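Below is work-v1.txt, which holds compact mmCIF, C-alpha atoms.
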```
# COMPACT_ATOMS: atom_id res chain seq x y z
CA GLU A 274 161.56 81.24 58.43
CA ALA A 275 159.86 83.00 55.52
CA GLY A 276 160.30 81.37 52.14
CA VAL A 277 161.13 82.81 48.74
CA ALA A 278 158.46 85.27 47.65
CA GLN A 279 157.46 85.96 44.07
CA SER A 280 154.94 88.20 42.38
CA PRO A 281 152.75 88.24 40.48
CA ARG A 282 151.58 84.64 40.66
CA TYR A 283 149.88 84.78 37.28
CA LYS A 284 150.26 87.01 34.26
CA ILE A 285 148.60 86.96 30.86
CA ILE A 286 149.98 89.20 28.11
CA GLU A 287 149.88 89.43 24.37
CA LYS A 288 152.93 88.71 22.28
CA ARG A 289 155.28 91.64 21.81
CA GLN A 290 154.23 93.10 25.16
CA SER A 291 156.58 93.48 28.11
CA VAL A 292 156.37 91.84 31.52
CA ALA A 293 158.37 91.91 34.74
CA PHE A 294 158.59 89.46 37.62
CA TRP A 295 159.80 90.14 41.13
CA CYS A 296 161.57 87.88 43.61
CA ASN A 297 162.48 88.31 47.27
CA PRO A 298 164.84 85.55 48.44
CA ILE A 299 165.15 84.06 51.89
CA SER A 300 166.86 86.52 54.19
CA GLY A 301 170.62 86.12 54.15
CA HIS A 302 170.75 83.99 51.01
CA ALA A 303 173.51 85.37 48.83
CA THR A 304 172.78 83.31 45.73
CA LEU A 305 169.64 83.85 43.67
CA TYR A 306 168.51 81.93 40.61
CA TRP A 307 165.85 82.41 37.96
CA TYR A 308 164.57 79.26 36.27
CA GLN A 309 162.15 78.79 33.41
CA GLN A 310 159.89 75.73 33.62
CA ILE A 311 157.99 74.88 30.46
CA LEU A 312 155.01 72.57 30.92
CA GLY A 313 156.12 68.95 31.18
CA GLN A 314 159.79 69.74 31.62
CA GLY A 315 162.24 70.31 34.42
CA PRO A 316 163.32 73.81 35.38
CA LYS A 317 166.05 75.35 33.24
CA LEU A 318 168.41 77.97 34.66
CA LEU A 319 168.17 81.42 33.10
CA ILE A 320 170.47 83.41 35.34
CA GLN A 321 172.33 83.09 38.62
CA PHE A 322 173.38 85.94 40.90
CA GLN A 323 175.91 85.91 43.71
CA ASN A 324 175.00 88.96 45.81
CA ASN A 325 174.41 91.59 43.11
CA GLY A 326 176.79 90.14 40.54
CA VAL A 327 175.92 87.78 37.68
CA VAL A 328 177.57 84.36 37.99
CA ASP A 329 175.95 82.59 35.04
CA ASP A 330 173.66 83.99 32.35
CA SER A 331 174.73 81.69 29.54
CA GLN A 332 171.18 80.41 28.96
CA LEU A 333 169.47 83.81 29.15
CA PRO A 334 168.09 85.01 25.78
CA LYS A 335 169.66 88.40 26.14
CA ASP A 336 167.93 89.91 23.13
CA ARG A 337 164.65 89.87 25.07
CA PHE A 338 165.33 88.86 28.67
CA SER A 339 167.06 90.95 31.30
CA ALA A 340 167.50 90.60 35.03
CA GLU A 341 168.94 92.61 37.83
CA ARG A 342 169.53 92.23 41.53
CA LEU A 343 170.04 95.62 43.05
CA LYS A 344 171.63 95.77 46.52
CA GLY A 345 172.05 92.01 46.47
CA VAL A 346 168.56 91.24 47.77
CA ASP A 347 165.45 91.47 45.58
CA SER A 348 165.59 90.67 41.90
CA THR A 349 163.51 91.42 38.84
CA LEU A 350 163.32 89.47 35.59
CA LYS A 351 161.99 91.24 32.52
CA ILE A 352 160.89 90.03 29.11
CA GLN A 353 160.63 92.54 26.29
CA PRO A 354 159.11 91.77 23.84
CA ALA A 355 157.42 88.52 24.80
CA LYS A 356 156.97 85.62 22.38
CA LEU A 357 154.48 82.77 22.47
CA GLU A 358 157.24 80.32 23.43
CA ASP A 359 157.93 82.33 26.60
CA SER A 360 154.77 80.86 28.12
CA ALA A 361 156.05 79.02 31.18
CA VAL A 362 156.39 79.16 34.94
CA TYR A 363 159.24 81.39 36.08
CA LEU A 364 160.73 80.14 39.31
CA CYS A 365 163.01 82.06 41.60
CA ALA A 366 165.23 80.16 44.01
CA SER A 367 167.80 81.14 46.59
CA SER A 368 170.55 79.41 48.49
CA LEU A 369 172.87 80.16 51.37
CA GLY A 370 175.60 77.74 50.39
CA ALA A 371 176.61 76.32 47.06
CA HIS A 372 173.94 73.66 46.89
CA GLU A 373 170.57 73.55 48.65
CA GLN A 374 168.17 75.70 46.67
CA TYR A 375 164.79 76.79 47.93
CA PHE A 376 162.17 77.68 45.37
CA GLY A 377 159.47 80.30 45.35
CA PRO A 378 155.89 79.58 44.22
CA GLY A 379 156.61 80.78 40.69
CA THR A 380 154.92 83.12 38.24
CA ARG A 381 152.82 81.46 35.57
CA LEU A 382 153.13 83.47 32.35
CA THR A 383 150.76 82.99 29.45
CA VAL A 384 151.58 84.77 26.20
CA THR A 385 148.67 84.93 23.72
CA GLY B 184 177.31 71.23 29.89
CA GLU B 185 175.75 68.58 32.07
CA ASN B 186 172.94 66.39 30.69
CA VAL B 187 170.56 64.63 33.07
CA GLU B 188 168.27 61.86 31.83
CA GLN B 189 165.38 60.63 33.99
CA HIS B 190 163.24 57.50 33.69
CA PRO B 191 160.44 56.59 33.68
CA SER B 192 158.40 59.62 32.69
CA THR B 193 155.30 58.15 34.36
CA LEU B 194 155.01 55.58 37.14
CA SER B 195 151.87 54.10 38.67
CA VAL B 196 152.00 51.96 41.80
CA GLN B 197 149.56 50.54 44.30
CA GLU B 198 149.54 52.02 47.78
CA GLY B 199 152.10 50.22 49.92
CA ASP B 200 154.31 49.20 47.00
CA SER B 201 157.74 50.64 46.32
CA ALA B 202 158.63 53.13 43.59
CA VAL B 203 162.00 53.61 41.94
CA ILE B 204 163.04 56.51 39.70
CA LYS B 205 166.38 56.48 37.92
CA CYS B 206 168.61 59.23 36.58
CA THR B 207 171.87 59.35 34.71
CA TYR B 208 174.25 62.25 34.30
CA SER B 209 177.03 62.98 31.85
CA ASP B 210 179.59 65.12 33.66
CA SER B 211 181.81 63.15 36.02
CA ALA B 212 182.58 66.40 37.87
CA SER B 213 179.01 66.57 39.21
CA ASN B 214 179.13 66.24 42.97
CA TYR B 215 175.67 67.05 44.30
CA PHE B 216 172.39 65.29 43.44
CA PRO B 217 169.12 66.57 44.88
CA TRP B 218 165.61 65.25 44.36
CA TYR B 219 162.62 67.57 44.25
CA LYS B 220 158.93 66.84 44.61
CA GLN B 221 156.50 69.12 42.82
CA GLU B 222 152.78 68.89 43.38
CA LEU B 223 150.45 70.34 40.78
CA GLY B 224 150.68 74.12 40.73
CA LYS B 225 153.16 74.26 43.59
CA ARG B 226 156.85 74.96 43.99
CA PRO B 227 159.50 72.24 43.77
CA GLN B 228 160.46 71.08 47.25
CA LEU B 229 163.70 69.35 48.16
CA ILE B 230 162.99 65.91 49.60
CA ILE B 231 166.45 64.39 49.77
CA ASP B 232 169.92 64.96 48.38
CA ILE B 233 173.21 63.13 48.18
CA ARG B 234 176.77 64.23 47.68
CA SER B 235 179.42 62.42 45.70
CA ASN B 236 181.34 61.22 48.74
CA VAL B 237 178.35 59.12 49.87
CA GLY B 238 176.87 56.06 48.17
CA GLU B 239 173.49 55.95 49.86
CA LYS B 240 171.31 58.13 52.04
CA LYS B 241 168.01 57.34 53.71
CA ASP B 242 165.30 59.45 55.31
CA GLN B 243 162.36 57.43 56.62
CA ARG B 244 160.58 56.01 53.54
CA ILE B 245 162.85 57.75 51.04
CA ALA B 246 166.32 56.69 50.01
CA VAL B 247 168.75 57.74 47.30
CA THR B 248 171.64 55.74 45.90
CA LEU B 249 174.56 57.00 43.84
CA ASN B 250 176.88 55.06 41.55
CA LYS B 251 179.66 57.45 40.50
CA THR B 252 181.34 54.94 38.25
CA ALA B 253 178.20 54.38 36.20
CA LYS B 254 177.09 58.00 36.63
CA HIS B 255 173.62 57.18 37.79
CA PHE B 256 171.53 57.78 40.88
CA SER B 257 168.13 56.57 41.97
CA LEU B 258 165.27 57.55 44.25
CA HIS B 259 163.55 54.81 46.20
CA ILE B 260 160.21 55.34 47.95
CA THR B 261 158.94 52.49 50.10
CA GLU B 262 155.44 51.94 51.47
CA THR B 263 154.02 54.49 49.06
CA GLN B 264 150.99 56.53 50.04
CA PRO B 265 148.51 58.48 47.89
CA GLU B 266 150.04 61.73 49.13
CA ASP B 267 153.30 60.70 47.47
CA SER B 268 151.60 61.34 44.12
CA ALA B 269 153.46 64.20 42.42
CA VAL B 270 156.11 64.94 39.83
CA TYR B 271 159.61 64.07 41.00
CA PHE B 272 162.69 65.74 39.50
CA CYS B 273 166.28 64.66 39.83
CA ALA B 274 169.06 67.18 39.36
CA ALA B 275 172.81 67.34 39.25
CA SER B 276 175.20 70.10 40.16
CA ILE B 277 178.78 70.68 39.13
CA ALA B 278 179.26 73.12 41.94
CA GLY B 279 182.74 74.39 42.39
CA ARG B 280 183.57 74.79 38.74
CA GLY B 281 183.94 78.54 38.49
CA SER B 282 180.83 80.33 37.22
CA THR B 283 178.65 77.22 37.48
CA LEU B 284 178.83 77.15 41.25
CA GLY B 285 175.52 75.80 42.53
CA ARG B 286 173.81 75.58 39.13
CA LEU B 287 171.30 72.69 38.95
CA TYR B 288 170.64 70.66 35.81
CA PHE B 289 167.23 68.97 36.03
CA GLY B 290 165.81 65.83 34.51
CA ARG B 291 162.46 65.99 32.73
CA GLY B 292 160.52 64.65 35.68
CA THR B 293 158.55 61.53 36.63
CA GLN B 294 154.83 61.69 37.28
CA LEU B 295 154.23 59.27 40.16
CA THR B 296 150.67 58.16 40.83
CA VAL B 297 149.91 56.07 43.90
CA TRP B 298 146.53 54.31 43.73
CA PRO B 299 144.71 53.61 47.01
```

Could you take the file, read its structure, and then write that structure out as structure tokens?
Amino acid sequence: EAGVAQSPRYKIIEKRQSVAFWCNPISGHATLYWYQQILGQGPKLLIQFQNNGVVDDSQLPKDRFSAERLKGVDSTLKIQPAKLEDSAVYLCASSLGAHEQYFGPGTRLTVT
Amino acid sequence: GENVEQHPSTLSVQEGDSAVIKCTYSDSASNYFPWYKQELGKRPQLIIDIRSNVGEKKDQRIAVTLNKTAKHFSLHITETQPEDSAVYFCAASIAGRGSTLGRLYFGRGTQLTVWP
């Protein structure tokens, strides 16, 4: 079974620039999550989708972050404009049921 | 929302010894508690989980215990090996509560180092 795919794996941008990340969940997984993991901390949920609808985006900084999941499969997370404090690993995860979540390899973002 | 505390932040043990990592949670409605292992530069991987209707679960050298009354749960690794060295994260879920279905709240992680 193929795992969660993410791209790019690494991205370096300057502050105030824009960036987008892509995630392809495990086939058949209806729930998709985006987490932000700052160095030395545990992942923190940014947004959760159930099929193509948003379930929870309470921790998403909506003035600069946006996410979409068209057709209930792939998802993109965008940051515009980026700030220095956005430097982190962005993890995508998916689940079939309500609990077990499988993570992708992440995108390491460095904002200079 | 839920708050998960994890201790210790670092743990060093000799190969063959046991390691114990402890977590507490704040929301008594939490009903699912997974543990993830994350090696440097890699994705978090689920190693074991426990649900609130079970007090203990074991999988070979790994076991997890849950005390709902005290709102804490622990990871136990026996006969540690150098390849167990990684960061371990506990998490709690309050799945079933409307829009928070399946959301995981993570602890800050424990860096486990197993010395040969």

message: Please identify all residues of chain B having at least one atom at most 12 Å from any atom of chain A, considering only C-alpha atoms, and return them as an MDAnalysis selection string.
response: chainID B and resid 184:189 192:193 213:234 270:294

Can I get the selection written as a PDB file, in the frame of the given file, with C-alpha atoms?
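Output file part-v8.pdb is given in full below:
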```
ATOM      1  CA  GLY B 184     177.310  71.230  29.890  1.00  0.00           C
ATOM      2  CA  GLU B 185     175.750  68.580  32.070  1.00  0.00           C
ATOM      3  CA  ASN B 186     172.940  66.390  30.690  1.00  0.00           C
ATOM      4  CA  VAL B 187     170.560  64.630  33.070  1.00  0.00           C
ATOM      5  CA  GLU B 188     168.270  61.860  31.830  1.00  0.00           C
ATOM      6  CA  GLN B 189     165.380  60.630  33.990  1.00  0.00           C
ATOM      7  CA  SER B 192     158.400  59.620  32.690  1.00  0.00           C
ATOM      8  CA  THR B 193     155.300  58.150  34.360  1.00  0.00           C
ATOM      9  CA  SER B 213     179.010  66.570  39.210  1.00  0.00           C
ATOM     10  CA  ASN B 214     179.130  66.240  42.970  1.00  0.00           C
ATOM     11  CA  TYR B 215     175.670  67.050  44.300  1.00  0.00           C
ATOM     12  CA  PHE B 216     172.390  65.290  43.440  1.00  0.00           C
ATOM     13  CA  PRO B 217     169.120  66.570  44.880  1.00  0.00           C
ATOM     14  CA  TRP B 218     165.610  65.250  44.360  1.00  0.00           C
ATOM     15  CA  TYR B 219     162.620  67.570  44.250  1.00  0.00           C
ATOM     16  CA  LYS B 220     158.930  66.840  44.610  1.00  0.00           C
ATOM     17  CA  GLN B 221     156.500  69.120  42.820  1.00  0.00           C
ATOM     18  CA  GLU B 222     152.780  68.890  43.380  1.00  0.00           C
ATOM     19  CA  LEU B 223     150.450  70.340  40.780  1.00  0.00           C
ATOM     20  CA  GLY B 224     150.680  74.120  40.730  1.00  0.00           C
ATOM     21  CA  LYS B 225     153.160  74.260  43.590  1.00  0.00           C
ATOM     22  CA  ARG B 226     156.850  74.960  43.990  1.00  0.00           C
ATOM     23  CA  PRO B 227     159.500  72.240  43.770  1.00  0.00           C
ATOM     24  CA  GLN B 228     160.460  71.080  47.250  1.00  0.00           C
ATOM     25  CA  LEU B 229     163.700  69.350  48.160  1.00  0.00           C
ATOM     26  CA  ILE B 230     162.990  65.910  49.600  1.00  0.00           C
ATOM     27  CA  ILE B 231     166.450  64.390  49.770  1.00  0.00           C
ATOM     28  CA  ASP B 232     169.920  64.960  48.380  1.00  0.00           C
ATOM     29  CA  ILE B 233     173.210  63.130  48.180  1.00  0.00           C
ATOM     30  CA  ARG B 234     176.770  64.230  47.680  1.00  0.00           C
ATOM     31  CA  VAL B 270     156.110  64.940  39.830  1.00  0.00           C
ATOM     32  CA  TYR B 271     159.610  64.070  41.000  1.00  0.00           C
ATOM     33  CA  PHE B 272     162.690  65.740  39.500  1.00  0.00           C
ATOM     34  CA  CYS B 273     166.280  64.660  39.830  1.00  0.00           C
ATOM     35  CA  ALA B 274     169.060  67.180  39.360  1.00  0.00           C
ATOM     36  CA  ALA B 275     172.810  67.340  39.250  1.00  0.00           C
ATOM     37  CA  SER B 276     175.200  70.100  40.160  1.00  0.00           C
ATOM     38  CA  ILE B 277     178.780  70.680  39.130  1.00  0.00           C
ATOM     39  CA  ALA B 278     179.260  73.120  41.940  1.00  0.00           C
ATOM     40  CA  GLY B 279     182.740  74.390  42.390  1.00  0.00           C
ATOM     41  CA  ARG B 280     183.570  74.790  38.740  1.00  0.00           C
ATOM     42  CA  GLY B 281     183.940  78.540  38.490  1.00  0.00           C
ATOM     43  CA  SER B 282     180.830  80.330  37.220  1.00  0.00           C
ATOM     44  CA  THR B 283     178.650  77.220  37.480  1.00  0.00           C
ATOM     45  CA  LEU B 284     178.830  77.150  41.250  1.00  0.00           C
ATOM     46  CA  GLY B 285     175.520  75.800  42.530  1.00  0.00           C
ATOM     47  CA  ARG B 286     173.810  75.580  39.130  1.00  0.00           C
ATOM     48  CA  LEU B 287     171.300  72.690  38.950  1.00  0.00           C
ATOM     49  CA  TYR B 288     170.640  70.660  35.810  1.00  0.00           C
ATOM     50  CA  PHE B 289     167.230  68.970  36.030  1.00  0.00           C
ATOM     51  CA  GLY B 290     165.810  65.830  34.510  1.00  0.00           C
ATOM     52  CA  ARG B 291     162.460  65.990  32.730  1.00  0.00           C
ATOM     53  CA  GLY B 292     160.520  64.650  35.680  1.00  0.00           C
ATOM     54  CA  THR B 293     158.550  61.530  36.630  1.00  0.00           C
ATOM     55  CA  GLN B 294     154.830  61.690  37.280  1.00  0.00           C
TER      56      GLN B 294
END
```

Please identify all polymer residues within 9 Å of Leu357 of chain A, counting only C-alpha atoms, omitting same-chain residues fewer than 5 positions from it, and present them as a short mmCIF file (atom, residue, chain, number, x, y, z; two decimals) with C-alpha atoms, in the frame of the given file.
```cif
data_model
loop_
_atom_site.label_atom_id
_atom_site.label_comp_id
_atom_site.auth_asym_id
_atom_site.auth_seq_id
_atom_site.Cartn_x
_atom_site.Cartn_y
_atom_site.Cartn_z
CA GLU A 287 149.88 89.43 24.37
CA LYS A 288 152.93 88.71 22.28
CA ARG A 289 155.28 91.64 21.81
CA THR A 383 150.76 82.99 29.45
CA VAL A 384 151.58 84.77 26.20
CA THR A 385 148.67 84.93 23.72
#
```

message: At a cut-off of 10 Å, using all atoms listed in the file, what residues contact Ser300 of chain A? Leave out same-chain residues fewer than 4 positions from it and give the result as a count of residues only.
response: 8

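Each of B:Val297, B:Ala212, B:Leu194, B:Ile204 was checked against Thr263 of chain B using only C-alpha atoms; the smallest atom-to-atom distance is that of B:Val297.
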
Taking every listed atom of segment 254-259 of chain B and adding 5 Å to each side, what centre and edge lengths in Å (one decimal) does the axis-aligned box have, as AutoDock Vina command-line options?
```
--center_x 170.3 --center_y 56.4 --center_z 41.4 --size_x 23.5 --size_y 13.2 --size_z 19.6
```

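Taking atom CA of Leu350 of chain A and atom CA of Ala293 of chain A as endpoints, the distance between them is 5.6 Å.
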
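Between atom CA of Ile260 of chain B and atom CA of Val237 of chain B lies a distance of 18.6 Å.
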
query: Do you know which residues are at most 12 Å from Gly199 of chain B counting only C-alpha atoms, after dropping those on the same chain fewer than 5 positions away, and could you put them as number ranges by chain?
result: B: 244, 260-267, 297-299

I need the residues from that last selection saved to file as an mmCIF file, in the coordinates of the input (with C-alpha atoms), if you can.
```
data_model
loop_
_atom_site.group_PDB
_atom_site.id
_atom_site.type_symbol
_atom_site.label_atom_id
_atom_site.label_comp_id
_atom_site.auth_asym_id
_atom_site.auth_seq_id
_atom_site.Cartn_x
_atom_site.Cartn_y
_atom_site.Cartn_z
ATOM 1 C CA ARG B 244 160.580 56.010 53.540
ATOM 2 C CA ILE B 260 160.210 55.340 47.950
ATOM 3 C CA THR B 261 158.940 52.490 50.100
ATOM 4 C CA GLU B 262 155.440 51.940 51.470
ATOM 5 C CA THR B 263 154.020 54.490 49.060
ATOM 6 C CA GLN B 264 150.990 56.530 50.040
ATOM 7 C CA PRO B 265 148.510 58.480 47.890
ATOM 8 C CA GLU B 266 150.040 61.730 49.130
ATOM 9 C CA ASP B 267 153.300 60.700 47.470
ATOM 10 C CA VAL B 297 149.910 56.070 43.900
ATOM 11 C CA TRP B 298 146.530 54.310 43.730
ATOM 12 C CA PRO B 299 144.710 53.610 47.010
#
```

- request: Have a look at atom CA of Lys344 of chain A and atom CA of Ile299 of chain A and let me know their distance in Å, one decimal.
  value: 14.4 Å

query: Out of A:Thr380, A:Asn324, A:Gln279, A:Ser291, which residue has the shortest atom-to-atom distance to Leu305 of chain A when counting only C-alpha atoms?
result: A:Asn324

task: Within 7 Å of Ser348 of chain A, counting all atoms listed in the file, which residues show up once you throw out same-chain ones fewer than 2 positions away? Write them as a VMD selection string, please.
output: chain A and resid 295 to 297 341 to 343 346 350
